[in-house]
>>> print(open('structure-v2.cif').read())   # mmCIF, C-alpha atoms, pLDDT in the B column; chains and numbers go by the auth columns
data_coords
#
loop_
_atom_site.group_PDB
_atom_site.id
_atom_site.type_symbol
_atom_site.label_atom_id
_atom_site.label_comp_id
_atom_site.label_asym_id
_atom_site.label_seq_id
_atom_site.Cartn_x
_atom_site.Cartn_y
_atom_site.Cartn_z
_atom_site.B_iso_or_equiv
_atom_site.auth_seq_id
_atom_site.auth_asym_id
ATOM 1 C CA MET A 1 13.618 32.174 3.796 43.00 23 Z
ATOM 2 C CA PRO A 2 11.649 29.100 2.669 52.00 24 Z
ATOM 3 C CA SER A 3 11.251 26.246 5.124 75.00 25 Z
ATOM 4 C CA ARG A 4 13.099 23.024 4.416 84.00 26 Z
ATOM 5 C CA PRO A 5 11.283 20.349 2.385 91.00 27 Z
ATOM 6 C CA VAL A 6 9.478 17.558 4.188 96.00 28 Z
ATOM 7 C CA ARG A 7 11.883 14.645 4.553 98.00 29 Z
ATOM 8 C CA VAL A 8 10.153 11.351 3.770 98.00 30 Z
ATOM 9 C CA GLY A 9 11.519 7.868 4.304 98.00 31 Z
ATOM 10 C CA LEU A 10 10.074 5.559 1.655 98.00 32 Z
ATOM 11 C CA PHE A 11 9.139 2.124 2.942 98.00 33 Z
ATOM 12 C CA VAL A 12 9.397 0.246 -0.337 98.00 34 Z
ATOM 13 C CA THR A 13 7.697 -3.052 0.716 98.00 35 Z
ATOM 14 C CA CYS A 14 8.868 -6.536 -0.262 96.00 36 Z
ATOM 15 C CA LEU A 15 6.392 -7.049 -3.094 96.00 37 Z
ATOM 16 C CA VAL A 16 7.206 -3.703 -4.718 97.00 38 Z
ATOM 17 C CA ASP A 17 10.924 -4.388 -4.434 97.00 39 Z
ATOM 18 C CA LEU A 18 10.752 -7.913 -5.834 96.00 40 Z
ATOM 19 C CA PHE A 19 7.802 -7.855 -8.238 96.00 41 Z
ATOM 20 C CA ARG A 20 6.822 -4.304 -9.203 97.00 42 Z
ATOM 21 C CA PRO A 21 9.583 -1.697 -8.754 97.00 43 Z
ATOM 22 C CA SER A 22 7.611 0.701 -10.973 97.00 44 Z
ATOM 23 C CA VAL A 23 5.280 1.274 -8.014 98.00 45 Z
ATOM 24 C CA GLY A 24 8.229 2.504 -5.973 98.00 46 Z
ATOM 25 C CA PHE A 25 9.368 4.872 -8.701 98.00 47 Z
ATOM 26 C CA ALA A 26 5.810 6.177 -9.118 98.00 48 Z
ATOM 27 C CA THR A 27 5.614 6.758 -5.367 98.00 49 Z
ATOM 28 C CA VAL A 28 8.848 8.737 -5.397 98.00 50 Z
ATOM 29 C CA LYS A 29 7.584 10.867 -8.271 98.00 51 Z
ATOM 30 C CA LEU A 30 4.314 11.653 -6.520 98.00 52 Z
ATOM 31 C CA LEU A 31 6.082 12.601 -3.302 98.00 53 Z
ATOM 32 C CA GLU A 32 8.738 14.705 -5.013 98.00 54 Z
ATOM 33 C CA ASP A 33 6.108 16.459 -7.136 98.00 55 Z
ATOM 34 C CA ALA A 34 4.407 17.341 -3.841 98.00 56 Z
ATOM 35 C CA GLY A 35 7.618 18.970 -2.610 97.00 57 Z
ATOM 36 C CA CYS A 36 9.078 16.197 -0.469 98.00 58 Z
ATOM 37 C CA GLN A 37 12.671 15.088 -0.157 98.00 59 Z
ATOM 38 C CA VAL A 38 12.507 11.311 -0.503 98.00 60 Z
ATOM 39 C CA GLU A 39 15.007 8.685 0.610 98.00 61 Z
ATOM 40 C CA ALA A 40 14.785 4.897 0.800 98.00 62 Z
ATOM 41 C CA PRO A 41 16.981 3.635 3.652 97.00 63 Z
ATOM 42 C CA MET A 42 19.060 0.673 2.521 96.00 64 Z
ATOM 43 C CA ALA A 43 18.748 -0.978 5.932 96.00 65 Z
ATOM 44 C CA GLN A 44 15.009 -1.550 5.560 97.00 66 Z
ATOM 45 C CA THR A 45 13.682 -5.080 5.160 95.00 67 Z
ATOM 46 C CA CYS A 46 10.252 -6.719 5.367 96.00 68 Z
ATOM 47 C CA CYS A 47 7.850 -5.053 7.794 97.00 69 Z
ATOM 48 C CA GLY A 48 7.512 -8.379 9.604 96.00 70 Z
ATOM 49 C CA GLN A 49 3.853 -8.978 8.813 95.00 71 Z
ATOM 50 C CA PRO A 50 4.228 -12.621 7.643 93.00 72 Z
ATOM 51 C CA ALA A 51 5.992 -13.516 10.887 95.00 73 Z
ATOM 52 C CA TYR A 52 3.494 -11.514 12.938 95.00 74 Z
ATOM 53 C CA ASN A 53 0.469 -13.162 11.333 91.00 75 Z
ATOM 54 C CA SER A 54 2.054 -16.565 11.913 91.00 76 Z
ATOM 55 C CA GLY A 55 2.429 -15.888 15.639 94.00 77 Z
ATOM 56 C CA ASP A 56 6.211 -15.403 15.646 96.00 78 Z
ATOM 57 C CA ARG A 57 6.475 -12.373 17.914 96.00 79 Z
ATOM 58 C CA ALA A 58 10.203 -12.737 18.612 97.00 80 Z
ATOM 59 C CA ASP A 59 11.270 -12.422 14.982 97.00 81 Z
ATOM 60 C CA THR A 60 8.622 -9.758 14.375 98.00 82 Z
ATOM 61 C CA ARG A 61 10.065 -7.654 17.160 98.00 83 Z
ATOM 62 C CA ALA A 62 13.608 -8.066 15.839 98.00 84 Z
ATOM 63 C CA ILE A 63 12.430 -6.886 12.415 98.00 85 Z
ATOM 64 C CA ALA A 64 10.538 -3.992 14.002 98.00 86 Z
ATOM 65 C CA GLU A 65 13.615 -2.817 15.908 98.00 87 Z
ATOM 66 C CA ARG A 66 15.628 -2.772 12.681 98.00 88 Z
ATOM 67 C CA THR A 67 12.897 -0.891 10.841 98.00 89 Z
ATOM 68 C CA ILE A 68 12.397 1.720 13.565 98.00 90 Z
ATOM 69 C CA ALA A 69 16.128 2.390 13.714 98.00 91 Z
ATOM 70 C CA ALA A 70 16.387 2.664 9.915 98.00 92 Z
ATOM 71 C CA PHE A 71 13.704 5.348 9.704 98.00 93 Z
ATOM 72 C CA GLU A 72 14.579 7.514 12.691 96.00 94 Z
ATOM 73 C CA GLY A 73 15.424 11.031 11.579 93.00 95 Z
ATOM 74 C CA PHE A 74 12.711 11.262 8.919 98.00 96 Z
ATOM 75 C CA ASP A 75 9.709 13.537 9.269 98.00 97 Z
ATOM 76 C CA TYR A 76 7.418 10.865 7.864 98.00 98 Z
ATOM 77 C CA VAL A 77 7.486 7.242 6.742 98.00 99 Z
ATOM 78 C CA VAL A 78 5.343 6.552 3.679 98.00 100 Z
ATOM 79 C CA ALA A 79 4.443 3.197 2.139 98.00 101 Z
ATOM 80 C CA PRO A 80 2.557 2.481 -1.099 98.00 102 Z
ATOM 81 C CA SER A 81 0.656 -0.221 0.769 98.00 103 Z
ATOM 82 C CA GLY A 82 -2.151 -0.076 3.299 97.00 104 Z
ATOM 83 C CA SER A 83 -1.169 -3.521 4.546 96.00 105 Z
ATOM 84 C CA CYS A 84 2.460 -2.687 5.320 97.00 106 Z
ATOM 85 C CA ALA A 85 1.602 0.787 6.600 98.00 107 Z
ATOM 86 C CA GLY A 86 -1.027 -0.772 8.864 97.00 108 Z
ATOM 87 C CA MET A 87 1.541 -3.185 10.252 98.00 109 Z
ATOM 88 C CA LEU A 88 4.049 -0.418 10.917 98.00 110 Z
ATOM 89 C CA LYS A 89 1.539 1.993 12.419 98.00 111 Z
ATOM 90 C CA LYS A 90 -0.882 -0.220 14.330 97.00 112 Z
ATOM 91 C CA HIS A 91 0.995 -3.376 15.259 97.00 113 Z
ATOM 92 C CA TYR A 92 4.504 -2.183 16.094 98.00 114 Z
ATOM 93 C CA PRO A 93 3.680 -0.269 19.315 98.00 115 Z
ATOM 94 C CA PRO A 94 2.067 -3.224 21.141 97.00 116 Z
ATOM 95 C CA LEU A 95 5.191 -5.287 20.511 97.00 117 Z
ATOM 96 C CA PHE A 96 7.131 -2.934 22.808 98.00 118 Z
ATOM 97 C CA ARG A 97 4.541 -2.137 25.468 97.00 119 Z
ATOM 98 C CA GLY A 98 6.262 -1.748 28.831 97.00 120 Z
ATOM 99 C CA ASP A 99 9.757 -1.746 27.330 96.00 121 Z
ATOM 100 C CA VAL A 100 11.632 1.217 28.825 95.00 122 Z
ATOM 101 C CA VAL A 101 14.065 1.317 25.903 93.00 123 Z
ATOM 102 C CA TRP A 102 11.807 0.762 22.893 97.00 124 Z
ATOM 103 C CA GLU A 103 8.242 1.731 23.771 97.00 125 Z
ATOM 104 C CA GLU A 104 8.643 5.477 23.196 97.00 126 Z
ATOM 105 C CA ARG A 105 10.696 4.936 20.031 98.00 127 Z
ATOM 106 C CA ALA A 106 7.997 2.647 18.644 98.00 128 Z
ATOM 107 C CA MET A 107 5.275 5.184 19.415 98.00 129 Z
ATOM 108 C CA GLN A 108 7.167 8.028 17.778 98.00 130 Z
ATOM 109 C CA PHE A 109 7.777 5.868 14.723 98.00 131 Z
ATOM 110 C CA SER A 110 4.118 4.843 14.529 98.00 132 Z
ATOM 111 C CA GLU A 111 2.905 8.432 14.616 98.00 133 Z
ATOM 112 C CA LYS A 112 4.794 9.358 11.441 98.00 134 Z
ATOM 113 C CA VAL A 113 3.761 6.343 9.323 98.00 135 Z
ATOM 114 C CA TRP A 114 1.292 6.924 6.460 98.00 136 Z
ATOM 115 C CA GLU A 115 -0.137 5.094 3.478 98.00 137 Z
ATOM 116 C CA LEU A 116 0.727 6.921 0.258 98.00 138 Z
ATOM 117 C CA THR A 117 -2.626 8.362 -0.888 98.00 139 Z
ATOM 118 C CA SER A 118 -3.623 9.262 2.661 98.00 140 Z
ATOM 119 C CA PHE A 119 -0.322 11.090 3.129 98.00 141 Z
ATOM 120 C CA LEU A 120 -0.753 13.044 -0.104 98.00 142 Z
ATOM 121 C CA VAL A 121 -4.331 14.090 0.673 98.00 143 Z
ATOM 122 C CA ASP A 122 -4.541 14.250 4.472 98.00 144 Z
ATOM 123 C CA VAL A 123 -1.049 15.522 5.310 98.00 145 Z
ATOM 124 C CA LEU A 124 0.176 17.416 2.249 98.00 146 Z
ATOM 125 C CA GLY A 125 -3.234 18.624 1.057 98.00 147 Z
ATOM 126 C CA VAL A 126 -2.752 17.418 -2.520 98.00 148 Z
ATOM 127 C CA THR A 127 -6.045 17.660 -4.437 96.00 149 Z
ATOM 128 C CA THR A 128 -5.019 17.092 -8.049 97.00 150 Z
ATOM 129 C CA VAL A 129 -2.343 15.327 -10.093 98.00 151 Z
ATOM 130 C CA PRO A 130 -1.269 16.256 -13.650 97.00 152 Z
ATOM 131 C CA ALA A 131 -1.717 12.712 -14.984 98.00 153 Z
ATOM 132 C CA LYS A 132 -3.629 11.445 -18.006 97.00 154 Z
ATOM 133 C CA ALA A 133 -5.178 8.015 -18.535 96.00 155 Z
ATOM 134 C CA GLU A 134 -7.875 7.344 -21.087 94.00 156 Z
ATOM 135 C CA GLY A 135 -10.615 4.892 -20.176 96.00 157 Z
ATOM 136 C CA THR A 136 -12.497 3.661 -17.128 98.00 158 Z
ATOM 137 C CA ALA A 137 -11.229 2.265 -13.840 98.00 159 Z
ATOM 138 C CA THR A 138 -12.695 0.541 -10.819 98.00 160 Z
ATOM 139 C CA TYR A 139 -11.078 0.645 -7.374 98.00 161 Z
ATOM 140 C CA HIS A 140 -10.663 -2.147 -4.823 98.00 162 Z
ATOM 141 C CA ASP A 141 -10.358 -1.147 -1.163 98.00 163 Z
ATOM 142 C CA SER A 142 -7.790 -3.318 0.583 95.00 164 Z
ATOM 143 C CA CYS A 143 -8.783 -4.597 4.003 95.00 165 Z
ATOM 144 C CA SER A 144 -5.860 -3.147 5.980 94.00 166 Z
ATOM 145 C CA GLY A 145 -5.864 0.234 4.267 96.00 167 Z
ATOM 146 C CA LEU A 146 -9.589 0.676 4.715 97.00 168 Z
ATOM 147 C CA ARG A 147 -10.180 -0.797 8.152 96.00 169 Z
ATOM 148 C CA GLU A 148 -6.927 0.012 9.935 96.00 170 Z
ATOM 149 C CA LEU A 149 -6.042 3.338 8.301 98.00 171 Z
ATOM 150 C CA GLY A 150 -9.290 4.761 6.917 97.00 172 Z
ATOM 151 C CA VAL A 151 -8.069 4.847 3.322 98.00 173 Z
ATOM 152 C CA ARG A 152 -11.093 5.093 1.060 98.00 174 Z
ATOM 153 C CA ASN A 153 -11.902 8.561 -0.245 98.00 175 Z
ATOM 154 C CA GLN A 154 -8.288 9.676 -0.690 98.00 176 Z
ATOM 155 C CA PRO A 155 -7.370 7.540 -3.724 98.00 177 Z
ATOM 156 C CA ARG A 156 -10.718 8.223 -5.345 98.00 178 Z
ATOM 157 C CA ALA A 157 -10.320 11.976 -4.886 98.00 179 Z
ATOM 158 C CA LEU A 158 -6.935 11.907 -6.589 98.00 180 Z
ATOM 159 C CA LEU A 159 -8.141 9.612 -9.374 98.00 181 Z
ATOM 160 C CA ALA A 160 -10.982 12.043 -10.083 98.00 182 Z
ATOM 161 C CA SER A 161 -8.362 14.583 -11.156 98.00 183 Z
ATOM 162 C CA VAL A 162 -6.700 12.263 -13.707 98.00 184 Z
ATOM 163 C CA GLU A 163 -7.521 13.642 -17.136 98.00 185 Z
ATOM 164 C CA GLY A 164 -9.476 11.222 -19.316 98.00 186 Z
ATOM 165 C CA LEU A 165 -10.138 8.675 -16.555 98.00 187 Z
ATOM 166 C CA ALA A 166 -13.659 7.836 -15.354 98.00 188 Z
ATOM 167 C CA LEU A 167 -14.140 5.887 -12.124 97.00 189 Z
ATOM 168 C CA LYS A 168 -16.771 3.132 -12.181 98.00 190 Z
ATOM 169 C CA GLU A 169 -17.469 1.626 -8.782 98.00 191 Z
ATOM 170 C CA MET A 170 -17.804 -2.148 -8.573 98.00 192 Z
ATOM 171 C CA PRO A 171 -20.261 -3.824 -6.189 97.00 193 Z
ATOM 172 C CA GLU A 172 -18.727 -4.610 -2.796 97.00 194 Z
ATOM 173 C CA ALA A 173 -15.546 -2.677 -3.510 97.00 195 Z
ATOM 174 C CA ASP A 174 -14.706 -2.844 0.191 97.00 196 Z
ATOM 175 C CA VAL A 175 -14.934 -6.655 0.454 96.00 197 Z
ATOM 176 C CA CYS A 176 -11.746 -8.757 0.750 96.00 198 Z
ATOM 177 C CA CYS A 177 -10.178 -10.120 -2.438 94.00 199 Z
ATOM 178 C CA GLY A 178 -9.092 -13.343 -0.725 91.00 200 Z
ATOM 179 C CA PHE A 179 -5.351 -12.646 -0.576 90.00 201 Z
ATOM 180 C CA GLY A 180 -4.695 -11.952 3.094 84.00 202 Z
ATOM 181 C CA GLY A 181 -0.978 -12.749 2.879 78.00 203 Z
ATOM 182 C CA THR A 182 -0.461 -16.199 4.411 78.00 204 Z
ATOM 183 C CA PHE A 183 -4.248 -16.732 4.409 83.00 205 Z
ATOM 184 C CA CYS A 184 -4.281 -17.555 0.686 80.00 206 Z
ATOM 185 C CA VAL A 185 -1.650 -20.247 1.295 79.00 207 Z
ATOM 186 C CA LYS A 186 -3.185 -21.780 4.413 82.00 208 Z
ATOM 187 C CA TYR A 187 -6.762 -21.643 3.124 79.00 209 Z
ATOM 188 C CA SER A 188 -6.369 -21.741 -0.639 84.00 210 Z
ATOM 189 C CA GLU A 189 -9.837 -23.104 -1.404 91.00 211 Z
ATOM 190 C CA ILE A 190 -11.569 -20.394 0.632 92.00 212 Z
ATOM 191 C CA SER A 191 -9.270 -17.770 -0.878 90.00 213 Z
ATOM 192 C CA ASN A 192 -10.212 -18.925 -4.369 92.00 214 Z
ATOM 193 C CA GLU A 193 -13.926 -18.665 -3.602 95.00 215 Z
ATOM 194 C CA ILE A 194 -13.447 -15.123 -2.347 95.00 216 Z
ATOM 195 C CA VAL A 195 -11.403 -13.925 -5.323 96.00 217 Z
ATOM 196 C CA GLU A 196 -13.922 -15.448 -7.753 97.00 218 Z
ATOM 197 C CA LYS A 197 -16.627 -13.279 -6.196 97.00 219 Z
ATOM 198 C CA LYS A 198 -14.309 -10.288 -6.471 97.00 220 Z
ATOM 199 C CA THR A 199 -13.565 -10.828 -10.158 97.00 221 Z
ATOM 200 C CA ALA A 200 -17.290 -11.203 -10.817 98.00 222 Z
ATOM 201 C CA ASN A 201 -17.821 -7.798 -9.235 98.00 223 Z
ATOM 202 C CA ILE A 202 -14.970 -6.352 -11.281 98.00 224 Z
ATOM 203 C CA ALA A 203 -16.652 -7.653 -14.429 97.00 225 Z
ATOM 204 C CA THR A 204 -19.946 -6.092 -13.341 97.00 226 Z
ATOM 205 C CA SER A 205 -18.289 -2.675 -13.278 98.00 227 Z
ATOM 206 C CA SER A 206 -17.283 -3.131 -16.962 97.00 228 Z
ATOM 207 C CA ALA A 207 -14.208 -0.978 -16.243 98.00 229 Z
ATOM 208 C CA ASP A 208 -11.128 -1.205 -18.449 96.00 230 Z
ATOM 209 C CA MET A 209 -8.745 -1.063 -15.504 98.00 231 Z
ATOM 210 C CA LEU A 210 -8.607 -2.409 -11.942 98.00 232 Z
ATOM 211 C CA LEU A 211 -6.746 -0.265 -9.411 98.00 233 Z
ATOM 212 C CA ALA A 212 -5.841 -0.699 -5.759 98.00 234 Z
ATOM 213 C CA GLY A 213 -3.255 0.467 -3.257 98.00 235 Z
ATOM 214 C CA ASP A 214 -1.868 -2.915 -2.207 97.00 236 Z
ATOM 215 C CA LEU A 215 0.285 -5.012 -4.511 96.00 237 Z
ATOM 216 C CA GLY A 216 -0.623 -8.257 -2.756 95.00 238 Z
ATOM 217 C CA CYS A 217 -4.303 -7.740 -3.506 96.00 239 Z
ATOM 218 C CA LEU A 218 -3.507 -6.686 -7.059 97.00 240 Z
ATOM 219 C CA MET A 219 -1.347 -9.734 -7.785 95.00 241 Z
ATOM 220 C CA ASN A 220 -4.036 -12.025 -6.401 95.00 242 Z
ATOM 221 C CA MET A 221 -6.805 -10.458 -8.478 96.00 243 Z
ATOM 222 C CA ALA A 222 -4.619 -10.140 -11.578 96.00 244 Z
ATOM 223 C CA GLY A 223 -3.774 -13.831 -11.395 95.00 245 Z
ATOM 224 C CA LYS A 224 -7.412 -14.862 -11.226 95.00 246 Z
ATOM 225 C CA LEU A 225 -8.439 -12.438 -13.983 97.00 247 Z
ATOM 226 C CA LYS A 226 -5.674 -13.795 -16.227 95.00 248 Z
ATOM 227 C CA ARG A 227 -6.733 -17.399 -15.626 95.00 249 Z
ATOM 228 C CA GLN A 228 -10.289 -16.406 -16.471 96.00 250 Z
ATOM 229 C CA GLY A 229 -9.154 -14.795 -19.711 95.00 251 Z
ATOM 230 C CA ALA A 230 -10.351 -11.321 -18.713 96.00 252 Z
ATOM 231 C CA ALA A 231 -8.983 -8.308 -20.573 94.00 253 Z
ATOM 232 C CA THR A 232 -9.016 -6.038 -17.509 97.00 254 Z
ATOM 233 C CA GLU A 233 -5.762 -4.110 -17.037 97.00 255 Z
ATOM 234 C CA VAL A 234 -4.477 -4.268 -13.465 98.00 256 Z
ATOM 235 C CA ARG A 235 -2.307 -1.515 -11.960 98.00 257 Z
ATOM 236 C CA HIS A 236 -1.289 0.012 -8.650 98.00 258 Z
ATOM 237 C CA VAL A 237 -2.996 3.357 -8.095 98.00 259 Z
ATOM 238 C CA ALA A 238 0.376 5.111 -7.725 98.00 260 Z
ATOM 239 C CA GLU A 239 1.324 4.241 -11.300 98.00 261 Z
ATOM 240 C CA VAL A 240 -1.806 5.906 -12.684 98.00 262 Z
ATOM 241 C CA LEU A 241 -1.592 8.946 -10.399 98.00 263 Z
ATOM 242 C CA ALA A 242 2.048 9.465 -11.402 98.00 264 Z
ATOM 243 C CA GLY A 243 1.254 9.077 -15.096 98.00 265 Z
ATOM 244 C CA MET A 244 3.652 6.124 -15.280 97.00 266 Z
ATOM 245 C CA THR A 245 1.670 3.520 -17.196 95.00 267 Z
ATOM 246 C CA ASP A 246 4.193 2.685 -19.918 93.00 268 Z
ATOM 247 C CA THR A 247 5.141 -0.560 -18.216 92.00 269 Z
ATOM 248 C CA ALA A 248 3.048 -3.682 -18.791 95.00 270 Z
ATOM 249 C CA PRO A 249 0.111 -4.099 -16.398 97.00 271 Z
ATOM 250 C CA ILE A 250 0.364 -6.542 -13.519 96.00 272 Z
ATOM 251 C CA GLY A 251 0.133 -10.047 -14.913 89.00 273 Z
ATOM 252 C CA GLY A 252 0.431 -8.697 -18.461 85.00 274 Z
ATOM 253 C CA ARG A 253 3.107 -8.394 -21.089 72.00 275 Z
#
>>> encode(input="structure-v2.cif", output="structure tokens")
Amino acid sequence: MPSRPVRVGLFVTCLVDLFRPSVGFATVKLLEDAGCQVEAPMAQTCCGQPAYNSGDRADTRAIAERTIAAFEGFDYVVAPSGSCAGMLKKHYPPLFRGDVVWEERAMQFSEKVWELTSFLVDVLGVTTVPAKAEGTATYHDSCSGLRELGVRNQPRALLASVEGLALKEMPEADVCCGFGGTFCVKYSEISNEIVEKKTANIATSSADMLLAGDLGCLMNMAGKLKRQGAATEVRHVAEVLAGMTDTAPIGGR
């Protein structure tokens, strides 16, 4: 008798929900193609990162309690975002340290949280995807995904299996794009300097397409590229891996 499918709770993320739902649908397709049973709990909200980064621990904890409760019962929690997954996995447990009611629940929740490409490669053992995408792409490593979760080789390994797509590395692919959530609002001039260096590196790669695993980073870079008049197509990596590139690119029409 076959074992039951892996039950995955999809953490949609605010930006995907409000600005780029196609990333969520692509994520579901990738997970279901890998044999998972996927559900998106309706009770989920923001992960609490904006409040957390602004020093509001009380509201962050309230959000965390709601999130933990919403995803209990799933084998795994997967997010198409290194930033949100990093918040859920790394920053939730310390919020409840010493709490006899919530500490263990927070730890159990943290242990089953994964960023999408890392989950596909490191947990499910996915090595190839049946997608096609003609042209060249360069990949930006988001700060949280790379430094908090070790997401670097996984998306590149999957992209290498996309028929017709060639990966062209940009200089300093692992350097911040200047978004940083509330950072780009509080320190807009510094943020602009950083993203200008990033778009210069993107241009150096001469790739047709810019990919990344975090929508915040992608929206920031797409906005700057558009203002510069660049023709680079910007997409979330999940859309390309799922073969779902019929929608307009980020910042495009």
>>> atom_distance(input="structure-v2.cif", atom1="atom CA of Z:Gly274", atom2="atom CA of Z:Pro102")
20.8 Å
>>> closest_residue(input="structure-v2.cif", among="Z:Cys199, Z:Gly104, Z:Phe131, Z:Ile224", to="Z:Arg174", atoms="all atoms listed in the file")
Z:Gly104
>>> residues_near_point(input="structure-v2.cif", point="(-0.9, -4.2, 8.3)", cutoff="12 Å", atoms="all atoms listed in the file", output="ChimeraX atom specification")
/Z:35,68-75,101,103-114,135-137,164-171,202-203,236,238
>>> write_last_selection(input="structure-v2.cif", atoms="C-alpha atoms", output="PDB file, keeping the file's coordinate frame")
ATOM      1  CA  THR Z  35       7.697  -3.052   0.716  1.00 98.00           C
ATOM      2  CA  CYS Z  68      10.252  -6.719   5.367  1.00 96.00           C
ATOM      3  CA  CYS Z  69       7.850  -5.053   7.794  1.00 97.00           C
ATOM      4  CA  GLY Z  70       7.512  -8.379   9.604  1.00 96.00           C
ATOM      5  CA  GLN Z  71       3.853  -8.978   8.813  1.00 95.00           C
ATOM      6  CA  PRO Z  72       4.228 -12.621   7.643  1.00 93.00           C
ATOM      7  CA  ALA Z  73       5.992 -13.516  10.887  1.00 95.00           C
ATOM      8  CA  TYR Z  74       3.494 -11.514  12.938  1.00 95.00           C
ATOM      9  CA  ASN Z  75       0.469 -13.162  11.333  1.00 91.00           C
ATOM     10  CA  ALA Z 101       4.443   3.197   2.139  1.00 98.00           C
ATOM     11  CA  SER Z 103       0.656  -0.221   0.769  1.00 98.00           C
ATOM     12  CA  GLY Z 104      -2.151  -0.076   3.299  1.00 97.00           C
ATOM     13  CA  SER Z 105      -1.169  -3.521   4.546  1.00 96.00           C
ATOM     14  CA  CYS Z 106       2.460  -2.687   5.320  1.00 97.00           C
ATOM     15  CA  ALA Z 107       1.602   0.787   6.600  1.00 98.00           C
ATOM     16  CA  GLY Z 108      -1.027  -0.772   8.864  1.00 97.00           C
ATOM     17  CA  MET Z 109       1.541  -3.185  10.252  1.00 98.00           C
ATOM     18  CA  LEU Z 110       4.049  -0.418  10.917  1.00 98.00           C
ATOM     19  CA  LYS Z 111       1.539   1.993  12.419  1.00 98.00           C
ATOM     20  CA  LYS Z 112      -0.882  -0.220  14.330  1.00 97.00           C
ATOM     21  CA  HIS Z 113       0.995  -3.376  15.259  1.00 97.00           C
ATOM     22  CA  TYR Z 114       4.504  -2.183  16.094  1.00 98.00           C
ATOM     23  CA  VAL Z 135       3.761   6.343   9.323  1.00 98.00           C
ATOM     24  CA  TRP Z 136       1.292   6.924   6.460  1.00 98.00           C
ATOM     25  CA  GLU Z 137      -0.137   5.094   3.478  1.00 98.00           C
ATOM     26  CA  SER Z 164      -7.790  -3.318   0.583  1.00 95.00           C
ATOM     27  CA  CYS Z 165      -8.783  -4.597   4.003  1.00 95.00           C
ATOM     28  CA  SER Z 166      -5.860  -3.147   5.980  1.00 94.00           C
ATOM     29  CA  GLY Z 167      -5.864   0.234   4.267  1.00 96.00           C
ATOM     30  CA  LEU Z 168      -9.589   0.676   4.715  1.00 97.00           C
ATOM     31  CA  ARG Z 169     -10.180  -0.797   8.152  1.00 96.00           C
ATOM     32  CA  GLU Z 170      -6.927   0.012   9.935  1.00 96.00           C
ATOM     33  CA  LEU Z 171      -6.042   3.338   8.301  1.00 98.00           C
ATOM     34  CA  GLY Z 202      -4.695 -11.952   3.094  1.00 84.00           C
ATOM     35  CA  GLY Z 203      -0.978 -12.749   2.879  1.00 78.00           C
ATOM     36  CA  ASP Z 236      -1.868  -2.915  -2.207  1.00 97.00           C
ATOM     37  CA  GLY Z 238      -0.623  -8.257  -2.756  1.00 95.00           C
TER      38      GLY Z 238
END
>>> resolve_selection(input="structure-v2.cif", expression="the PyMOL selection byres ((chain Z and resi 41-56) around 8)", output="PyMOL selection string")
chain Z and resi 32+34+37-40+57-60+102+138+142+146+148+258+260-261+263-264+266+269
>>> residues_around(input="structure-v2.cif", residues="Z:Ile272", least_positions_apart="4", cutoff="7 Å", atoms="all atoms listed in the file", output="list of chain:residue names")
Z:Met241, Z:Ala244, Z:Val256, Z:Arg257
>>> residues_near_point(input="structure-v2.cif", point="(-8.3, -0.8, -1.5)", cutoff="6 Å", atoms="all atoms listed in the file", output="PyMOL selection string")
chain Z and resi 162-164+234-235
>>> residues_around(input="structure-v2.cif", residues="Z:Gln250", least_positions_apart="6", cutoff="12 Å", atoms="all atoms listed in the file", output="VMD selection string")
chain Z and resid 217 to 218 221 to 222 225 243 to 244
>>> atom_distance(input="structure-v2.cif", atom1="atom CA of Z:Asn214", atom2="atom CA of Z:Ala159")
23.2 Å
>>> atom_distance(input="structure-v2.cif", atom1="atom CA of Z:Asp230", atom2="atom CA of Z:Glu215")
23.1 Å
>>> closest_residue(input="structure-v2.cif", among="Z:Gly172, Z:Gly245, Z:Gly186, Z:Gly120", to="Z:Phe201", atoms="all atoms listed in the file")
Z:Gly245
>>> closest_residue(input="structure-v2.cif", among="Z:Leu240, Z:Val28, Z:Val259, Z:Val123", to="Z:Val100", atoms="all atoms listed in the file")
Z:Val28
>>> closest_residue(input="structure-v2.cif", among="Z:Ser76, Z:Gly31, Z:Glu211, Z:Leu180", to="Z:Met64", atoms="only C-alpha atoms")
Z:Gly31
>>> closest_residue(input="structure-v2.cif", among="Z:Arg249, Z:Arg119, Z:Arg79, Z:Arg29", to="Z:Gly95", atoms="all atoms listed in the file")
Z:Arg29
